[in-house]
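Here the structure is laid out as structure tokens; the discussion comes afterwards.
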Amino acid sequence: MKNIIVAANWKSNKTKREARQWFDEISNIKTPDNLEIIVFPPLTLLDFASNLIREKNLQIKLGAQNVSPFGPGAYTGEINGQQIKEFADYVLIGHSERRINFHESDEMINRKIDQALSLGIIPIVCVSNINQVKVLNRKIQLIAYEPIEAIGTGNSEDPKTVEEFVEIIKEEKENAQVLYGGSVNAGNIKTYINIEQISGVLVGGESLDPLSFLGILKNAV
Ligand code: PGA
């Protein structure tokens, strides 16, 4: 049985009250040994979520959705890796929503990766084409392949295309594990997990509702 990662990217959603409801609803999950669940709440909820996970004794890891490309210092509005490390083991870097809306360059993405790796935070680097893989300048453990036209549209990528792209990623970054992201739901997750080279999924919209997310977890293993 292969190990599977299911990552939930909440994006810019949820208040404390909503986060509590979500954790309440999923608190009875049984997590099989081969399943790793990682939740990426907004930064404002990292501390809160880490307390809930501890209180409820859940087998869930936490990740941040972003990290500053700089260390501590005079960078108004930024949250640095040391601050993230207090609550999270993972960080999402290079999501297409950040590349597009916040003009994050490959150089900035590499700086963020360096910050994360220097502190022992595991980056999940999101890519939508092979050039974005080629310019990654460090050994990356986890890459999420997220075709832009599949994100938030309900049009998940054809599994055959995903399979081909993962092979190309593996030629570049042999040791990286690859996740698929883009309109994953309880109905289609299996087709992606069944791809031999895929190690899991990154779920956006369908992770917000706890019942939908539970459906995804159930069908993941
Ligand atoms: P989606 O988002 O599941 O809503 O398509 C995935 C992502 O952007 O990580």
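Ligands are numbered from 1 in the order shown, residues from 1 within each chain, and chains are lettered A, B, ... in the order they appear in the structure tokens.
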
How close does each residue of chain A get to ligand 1, giving the shortest atom pair and distance in Å to one decimal for every residue with an atom at most 6 Å away, counting only C-alpha atoms and all ligand atoms, sorted by chain and residue number, as a Markdown table?
| residue | atom | partner | partner_atom_place_in_ligand_line | distance |
| --- | --- | --- | --- | --- |
| A:Asn9 | CA | ligand 1 | 9 (O) | 5.7 |
| A:Ala150 | CA | ligand 1 | 5 (O) | 6.0 |
| A:Ile151 | CA | ligand 1 | 5 (O) | 3.4 |
| A:Gly152 | CA | ligand 1 | 5 (O) | 3.5 |
| A:Gly181 | CA | ligand 1 | 6 (C) | 5.1 |
| A:Gly182 | CA | ligand 1 | 5 (O) | 3.7 |
| A:Ser183 | CA | ligand 1 | 5 (O) | 3.6 |
| A:Val184 | CA | ligand 1 | 3 (O) | 5.2 |
| A:Leu202 | CA | ligand 1 | 9 (O) | 5.3 |
| A:Val203 | CA | ligand 1 | 3 (O) | 4.2 |
| A:Gly204 | CA | ligand 1 | 3 (O) | 3.4 |
| A:Gly205 | CA | ligand 1 | 4 (O) | 3.7 |

Please write the residues from the selection above to a file, keeping N, CA, C and O atoms, as an mmCIF file, in the first residue's frame.
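Result file follows (result-v3.cif):
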data_model
loop_
_atom_site.group_PDB
_atom_site.id
_atom_site.type_symbol
_atom_site.label_atom_id
_atom_site.label_comp_id
_atom_site.auth_asym_id
_atom_site.auth_seq_id
_atom_site.Cartn_x
_atom_site.Cartn_y
_atom_site.Cartn_z
ATOM 1 N N ASN A 9 -5.844 23.068 1.218
ATOM 2 C CA ASN A 9 -5.470 24.478 1.126
ATOM 3 C C ASN A 9 -6.733 25.334 1.290
ATOM 4 O O ASN A 9 -7.556 25.409 0.386
ATOM 5 N N ALA A 150 -7.238 24.042 -14.246
ATOM 6 C CA ALA A 150 -7.971 23.061 -13.415
ATOM 7 C C ALA A 150 -8.267 23.609 -12.016
ATOM 8 O O ALA A 150 -9.056 23.017 -11.276
ATOM 9 N N ILE A 151 -7.647 24.732 -11.660
ATOM 10 C CA ILE A 151 -7.791 25.224 -10.281
ATOM 11 C C ILE A 151 -9.105 25.980 -10.101
ATOM 12 O O ILE A 151 -9.351 26.986 -10.781
ATOM 13 N N GLY A 152 -9.921 25.462 -9.204
ATOM 14 C CA GLY A 152 -11.164 26.140 -8.839
ATOM 15 C C GLY A 152 -12.202 26.190 -9.934
ATOM 16 O O GLY A 152 -13.149 26.966 -9.866
ATOM 17 N N GLY A 181 -2.985 18.745 -7.983
ATOM 18 C CA GLY A 181 -3.998 19.665 -7.460
ATOM 19 C C GLY A 181 -4.761 20.312 -8.596
ATOM 20 O O GLY A 181 -4.192 20.621 -9.648
ATOM 21 N N GLY A 182 -6.054 20.540 -8.383
ATOM 22 C CA GLY A 182 -6.909 21.181 -9.384
ATOM 23 C C GLY A 182 -8.236 20.469 -9.449
ATOM 24 O O GLY A 182 -8.362 19.419 -10.052
ATOM 25 N N SER A 183 -9.234 21.053 -8.732
ATOM 26 C CA SER A 183 -10.600 20.522 -8.723
ATOM 27 C C SER A 183 -10.689 19.061 -8.290
ATOM 28 O O SER A 183 -11.477 18.282 -8.832
ATOM 29 N N VAL A 184 -9.867 18.710 -7.307
ATOM 30 C CA VAL A 184 -9.976 17.355 -6.740
ATOM 31 C C VAL A 184 -11.224 17.302 -5.861
ATOM 32 O O VAL A 184 -11.516 18.231 -5.103
ATOM 33 N N LEU A 202 -3.510 17.893 -3.584
ATOM 34 C CA LEU A 202 -3.662 19.184 -2.908
ATOM 35 C C LEU A 202 -5.065 19.673 -3.251
ATOM 36 O O LEU A 202 -5.385 19.873 -4.426
ATOM 37 N N VAL A 203 -5.883 19.827 -2.217
ATOM 38 C CA VAL A 203 -7.296 20.121 -2.434
ATOM 39 C C VAL A 203 -7.606 21.538 -1.969
ATOM 40 O O VAL A 203 -7.232 21.921 -0.853
ATOM 41 N N GLY A 204 -8.278 22.310 -2.795
ATOM 42 C CA GLY A 204 -8.673 23.662 -2.413
ATOM 43 C C GLY A 204 -10.131 23.690 -1.992
ATOM 44 O O GLY A 204 -10.507 23.305 -0.879
ATOM 45 N N GLY A 205 -10.991 24.114 -2.916
ATOM 46 C CA GLY A 205 -12.420 24.328 -2.637
ATOM 47 C C GLY A 205 -13.108 23.210 -1.859
ATOM 48 O O GLY A 205 -13.847 23.469 -0.901
#

One-decimal distance in Å that lies between atom CA of Ala88 of chain A and atom CA of Gly71 of chain A: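 Separation of atom CA of Gly71 of chain A and atom CA of Ala88 of chain A: 16.4 Å.
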
Using only C-alpha atoms, find each residue of segment 100-182 of chain A with at least one atom at most 10 Å away from an atom of segment 49-65 of chain A; report its shortest atom-to-atom pair and that distance in Å (one decimal), sort the rows by chain and rising residue number, and return the result as a tab-separated table.
residue	atom	partner	partner_atom	distance
A:Ile121	CA	A:Gly63	CA	8.9
A:Ile122	CA	A:Gly63	CA	8.8
A:Pro123	CA	A:Gly63	CA	9.0
A:Ile124	CA	A:Gly63	CA	9.3

Expected file: the selected residues, N, CA, C and O atoms, as an mmCIF file, in the first residue's frame:
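File result_8.cif, as written:
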data_model
loop_
_atom_site.group_PDB
_atom_site.id
_atom_site.type_symbol
_atom_site.label_atom_id
_atom_site.label_comp_id
_atom_site.auth_asym_id
_atom_site.auth_seq_id
_atom_site.Cartn_x
_atom_site.Cartn_y
_atom_site.Cartn_z
ATOM 1 N N ILE A 121 11.580 23.633 7.518
ATOM 2 C CA ILE A 121 10.155 23.599 7.135
ATOM 3 C C ILE A 121 10.114 22.978 5.735
ATOM 4 O O ILE A 121 10.919 23.336 4.869
ATOM 5 N N ILE A 122 9.189 22.046 5.518
ATOM 6 C CA ILE A 122 9.161 21.360 4.218
ATOM 7 C C ILE A 122 8.325 22.164 3.222
ATOM 8 O O ILE A 122 7.125 22.365 3.447
ATOM 9 N N PRO A 123 8.946 22.631 2.135
ATOM 10 C CA PRO A 123 8.145 23.370 1.154
ATOM 11 C C PRO A 123 7.396 22.418 0.216
ATOM 12 O O PRO A 123 7.952 21.409 -0.211
ATOM 13 N N ILE A 124 6.157 22.735 -0.048
ATOM 14 C CA ILE A 124 5.450 22.076 -1.150
ATOM 15 C C ILE A 124 5.411 23.122 -2.259
ATOM 16 O O ILE A 124 4.740 24.148 -2.122
#

DSSP-assigned helix (DSSP H, G or I) members of chain A, reported as a PyMOL selection string: chain A and resi 16-26+43-56+81-85+96-101+106-118+130-134+148-150+159-172+189-193+205-207+210-220

Picked from segment 101-186 of chain A by DSSP as strand (DSSP E), as a ChimeraX atom specification: /A:122-127,142-145,177-181

Got time to write the residues from that selection, all heavy atoms, as an mmCIF file, in the first residue's frame?
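As a result, out-v7.cif now contains:
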data_model
loop_
_atom_site.group_PDB
_atom_site.id
_atom_site.type_symbol
_atom_site.label_atom_id
_atom_site.label_comp_id
_atom_site.auth_asym_id
_atom_site.auth_seq_id
_atom_site.Cartn_x
_atom_site.Cartn_y
_atom_site.Cartn_z
ATOM 1 N N ILE A 122 9.189 22.046 5.518
ATOM 2 C CA ILE A 122 9.161 21.360 4.218
ATOM 3 C C ILE A 122 8.325 22.164 3.222
ATOM 4 O O ILE A 122 7.125 22.365 3.447
ATOM 5 C CB ILE A 122 8.568 19.935 4.350
ATOM 6 C CG1 ILE A 122 9.390 19.130 5.361
ATOM 7 C CG2 ILE A 122 8.527 19.235 2.993
ATOM 8 C CD1 ILE A 122 8.749 17.816 5.751
ATOM 9 N N PRO A 123 8.946 22.631 2.135
ATOM 10 C CA PRO A 123 8.145 23.370 1.154
ATOM 11 C C PRO A 123 7.396 22.418 0.216
ATOM 12 O O PRO A 123 7.952 21.409 -0.211
ATOM 13 C CB PRO A 123 9.185 24.168 0.354
ATOM 14 C CG PRO A 123 10.514 23.606 0.678
ATOM 15 C CD PRO A 123 10.380 22.592 1.776
ATOM 16 N N ILE A 124 6.157 22.735 -0.048
ATOM 17 C CA ILE A 124 5.450 22.076 -1.150
ATOM 18 C C ILE A 124 5.411 23.122 -2.259
ATOM 19 O O ILE A 124 4.740 24.148 -2.122
ATOM 20 C CB ILE A 124 4.024 21.631 -0.756
ATOM 21 C CG1 ILE A 124 4.082 20.643 0.410
ATOM 22 C CG2 ILE A 124 3.306 21.011 -1.960
ATOM 23 C CD1 ILE A 124 2.739 20.021 0.792
ATOM 24 N N VAL A 125 6.177 22.885 -3.305
ATOM 25 C CA VAL A 125 6.300 23.891 -4.351
ATOM 26 C C VAL A 125 5.285 23.596 -5.452
ATOM 27 O O VAL A 125 5.254 22.491 -6.002
ATOM 28 C CB VAL A 125 7.731 23.915 -4.933
ATOM 29 C CG1 VAL A 125 7.849 25.017 -5.972
ATOM 30 C CG2 VAL A 125 8.751 24.121 -3.816
ATOM 31 N N CYS A 126 4.432 24.583 -5.728
ATOM 32 C CA CYS A 126 3.381 24.395 -6.731
ATOM 33 C C CYS A 126 3.901 24.839 -8.098
ATOM 34 O O CYS A 126 4.504 25.917 -8.215
ATOM 35 C CB CYS A 126 2.151 25.223 -6.381
ATOM 36 S SG CYS A 126 1.497 24.861 -4.751
ATOM 37 N N VAL A 127 3.640 24.016 -9.089
ATOM 38 C CA VAL A 127 4.069 24.346 -10.452
ATOM 39 C C VAL A 127 2.935 24.043 -11.426
ATOM 40 O O VAL A 127 2.102 23.176 -11.172
ATOM 41 C CB VAL A 127 5.314 23.522 -10.875
ATOM 42 C CG1 VAL A 127 6.495 23.780 -9.956
ATOM 43 C CG2 VAL A 127 5.005 22.026 -10.926
ATOM 44 N N LEU A 142 8.875 17.868 -2.244
ATOM 45 C CA LEU A 142 7.462 17.771 -2.616
ATOM 46 C C LEU A 142 7.079 18.839 -3.641
ATOM 47 O O LEU A 142 7.298 20.036 -3.400
ATOM 48 C CB LEU A 142 6.600 17.980 -1.360
ATOM 49 C CG LEU A 142 6.360 16.762 -0.477
ATOM 50 C CD1 LEU A 142 5.774 17.199 0.853
ATOM 51 C CD2 LEU A 142 5.399 15.787 -1.162
ATOM 52 N N ILE A 143 6.513 18.382 -4.742
ATOM 53 C CA ILE A 143 6.063 19.300 -5.795
ATOM 54 C C ILE A 143 4.581 19.038 -6.029
ATOM 55 O O ILE A 143 4.158 17.877 -6.082
ATOM 56 C CB ILE A 143 6.856 19.055 -7.102
ATOM 57 C CG1 ILE A 143 8.325 19.481 -6.895
ATOM 58 C CG2 ILE A 143 6.234 19.787 -8.280
ATOM 59 C CD1 ILE A 143 9.229 19.215 -8.097
ATOM 60 N N ALA A 144 3.794 20.116 -6.122
ATOM 61 C CA ALA A 144 2.378 19.932 -6.472
ATOM 62 C C ALA A 144 2.174 20.409 -7.901
ATOM 63 O O ALA A 144 2.432 21.582 -8.205
ATOM 64 C CB ALA A 144 1.487 20.718 -5.510
ATOM 65 N N TYR A 145 1.732 19.505 -8.750
ATOM 66 C CA TYR A 145 1.427 19.881 -10.134
ATOM 67 C C TYR A 145 -0.013 20.367 -10.176
ATOM 68 O O TYR A 145 -0.944 19.600 -9.907
ATOM 69 C CB TYR A 145 1.631 18.685 -11.062
ATOM 70 C CG TYR A 145 1.103 18.923 -12.455
ATOM 71 C CD1 TYR A 145 1.418 20.098 -13.142
ATOM 72 C CD2 TYR A 145 0.272 17.998 -13.085
ATOM 73 C CE1 TYR A 145 0.925 20.346 -14.418
ATOM 74 C CE2 TYR A 145 -0.220 18.227 -14.361
ATOM 75 C CZ TYR A 145 0.108 19.402 -15.019
ATOM 76 O OH TYR A 145 -0.392 19.642 -16.270
ATOM 77 N N GLN A 177 8.592 13.875 -4.510
ATOM 78 C CA GLN A 177 7.264 13.266 -4.562
ATOM 79 C C GLN A 177 6.340 14.288 -5.212
ATOM 80 O O GLN A 177 6.476 15.496 -4.966
ATOM 81 C CB GLN A 177 6.751 12.982 -3.160
ATOM 82 C CG GLN A 177 7.474 11.850 -2.452
ATOM 83 C CD GLN A 177 6.798 11.590 -1.121
ATOM 84 O OE1 GLN A 177 6.963 12.363 -0.184
ATOM 85 N NE2 GLN A 177 6.034 10.535 -1.045
ATOM 86 N N VAL A 178 5.390 13.808 -6.005
ATOM 87 C CA VAL A 178 4.529 14.748 -6.723
ATOM 88 C C VAL A 178 3.070 14.569 -6.313
ATOM 89 O O VAL A 178 2.547 13.455 -6.258
ATOM 90 C CB VAL A 178 4.674 14.579 -8.259
ATOM 91 C CG1 VAL A 178 3.840 15.624 -8.996
ATOM 92 C CG2 VAL A 178 6.135 14.684 -8.678
ATOM 93 N N LEU A 179 2.434 15.717 -6.012
ATOM 94 C CA LEU A 179 1.000 15.725 -5.711
ATOM 95 C C LEU A 179 0.284 16.309 -6.928
ATOM 96 O O LEU A 179 0.873 17.088 -7.673
ATOM 97 C CB LEU A 179 0.695 16.615 -4.500
ATOM 98 C CG LEU A 179 1.540 16.438 -3.244
ATOM 99 C CD1 LEU A 179 1.068 17.407 -2.155
ATOM 100 C CD2 LEU A 179 1.460 15.006 -2.732
ATOM 101 N N TYR A 180 -0.984 15.968 -7.073
ATOM 102 C CA TYR A 180 -1.794 16.628 -8.103
ATOM 103 C C TYR A 180 -2.785 17.561 -7.416
ATOM 104 O O TYR A 180 -3.384 17.201 -6.381
ATOM 105 C CB TYR A 180 -2.579 15.605 -8.957
ATOM 106 C CG TYR A 180 -3.641 16.309 -9.767
ATOM 107 C CD1 TYR A 180 -3.280 17.085 -10.864
ATOM 108 C CD2 TYR A 180 -4.983 16.284 -9.378
ATOM 109 C CE1 TYR A 180 -4.233 17.811 -11.567
ATOM 110 C CE2 TYR A 180 -5.944 16.999 -10.075
ATOM 111 C CZ TYR A 180 -5.560 17.769 -11.173
ATOM 112 O OH TYR A 180 -6.494 18.497 -11.851
ATOM 113 N N GLY A 181 -2.985 18.745 -7.983
ATOM 114 C CA GLY A 181 -3.998 19.665 -7.460
ATOM 115 C C GLY A 181 -4.761 20.312 -8.596
ATOM 116 O O GLY A 181 -4.192 20.621 -9.648
#

Using only C-alpha atoms: which of A:Trp10, A:Ile168, A:His103, A:Leu35 has the shortest distance to Ile193 of chain A: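 Among the listed residues, A:Leu35 lies closest to Ile193 of chain A.
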
Nearest residue to Asn185 of chain A from the set A:Gly73, A:Pro41, A:Gly215, A:Gly120 (distances using only C-alpha atoms): A:Gly215

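Distance-wise, atom CA of Gly200 of chain A and atom CA of Asp158 of chain A end up 15.8 Å apart.
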
Using only C-alpha atoms: which of A:Gln21, A:Ile26, A:Phe87, A:Ile195 has the shortest distance to Ser212 of chain A: A:Ile26

Closest of A:Ala19, A:Val221, A:Val91, A:Leu43 to Ile79 of chain A - atom-to-atom distances counting only C-alpha atoms: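 For Ile79 of chain A, the nearest of the given residues is A:Leu43.
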
Shell around Arg20 of chain A at 10 Å using only C-alpha atoms, local window under 5 positions removed, as a VMD selection string: chain A and resid 14 to 15 25 45 48 to 49 52

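The nearest approach to Met1 of chain A among the residues A:Glu174, A:Gly187, A:Asp33, A:Ser27, with only C-alpha atoms taken into account, belongs to A:Asp33.
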
Within 8 Å of Glu163 of chain A, counting only C-alpha atoms, which residues show up once you throw out same-chain ones fewer than 3 positions away? Write them as a compact mmCIF listing (two decimals) with C-alpha atoms, in the first residue's frame, please.
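So the final result, stored in around17.txt, reads:
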# COMPACT_ATOMS: atom_id res chain seq x y z
CA PRO A 159 -5.37 11.75 -15.48
CA LYS A 160 -3.39 10.66 -18.55
CA VAL A 166 4.62 13.72 -13.52
CA GLU A 167 7.04 11.63 -15.54
CA ILE A 195 -1.44 6.99 -10.89
CA GLN A 197 3.94 8.16 -9.58
CA ILE A 198 1.46 10.39 -7.73

Distance in Å - atom CA of Asp114 of chain A versus atom CA of Ser207 of chain A: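 These two atoms are separated by 28.4 Å.
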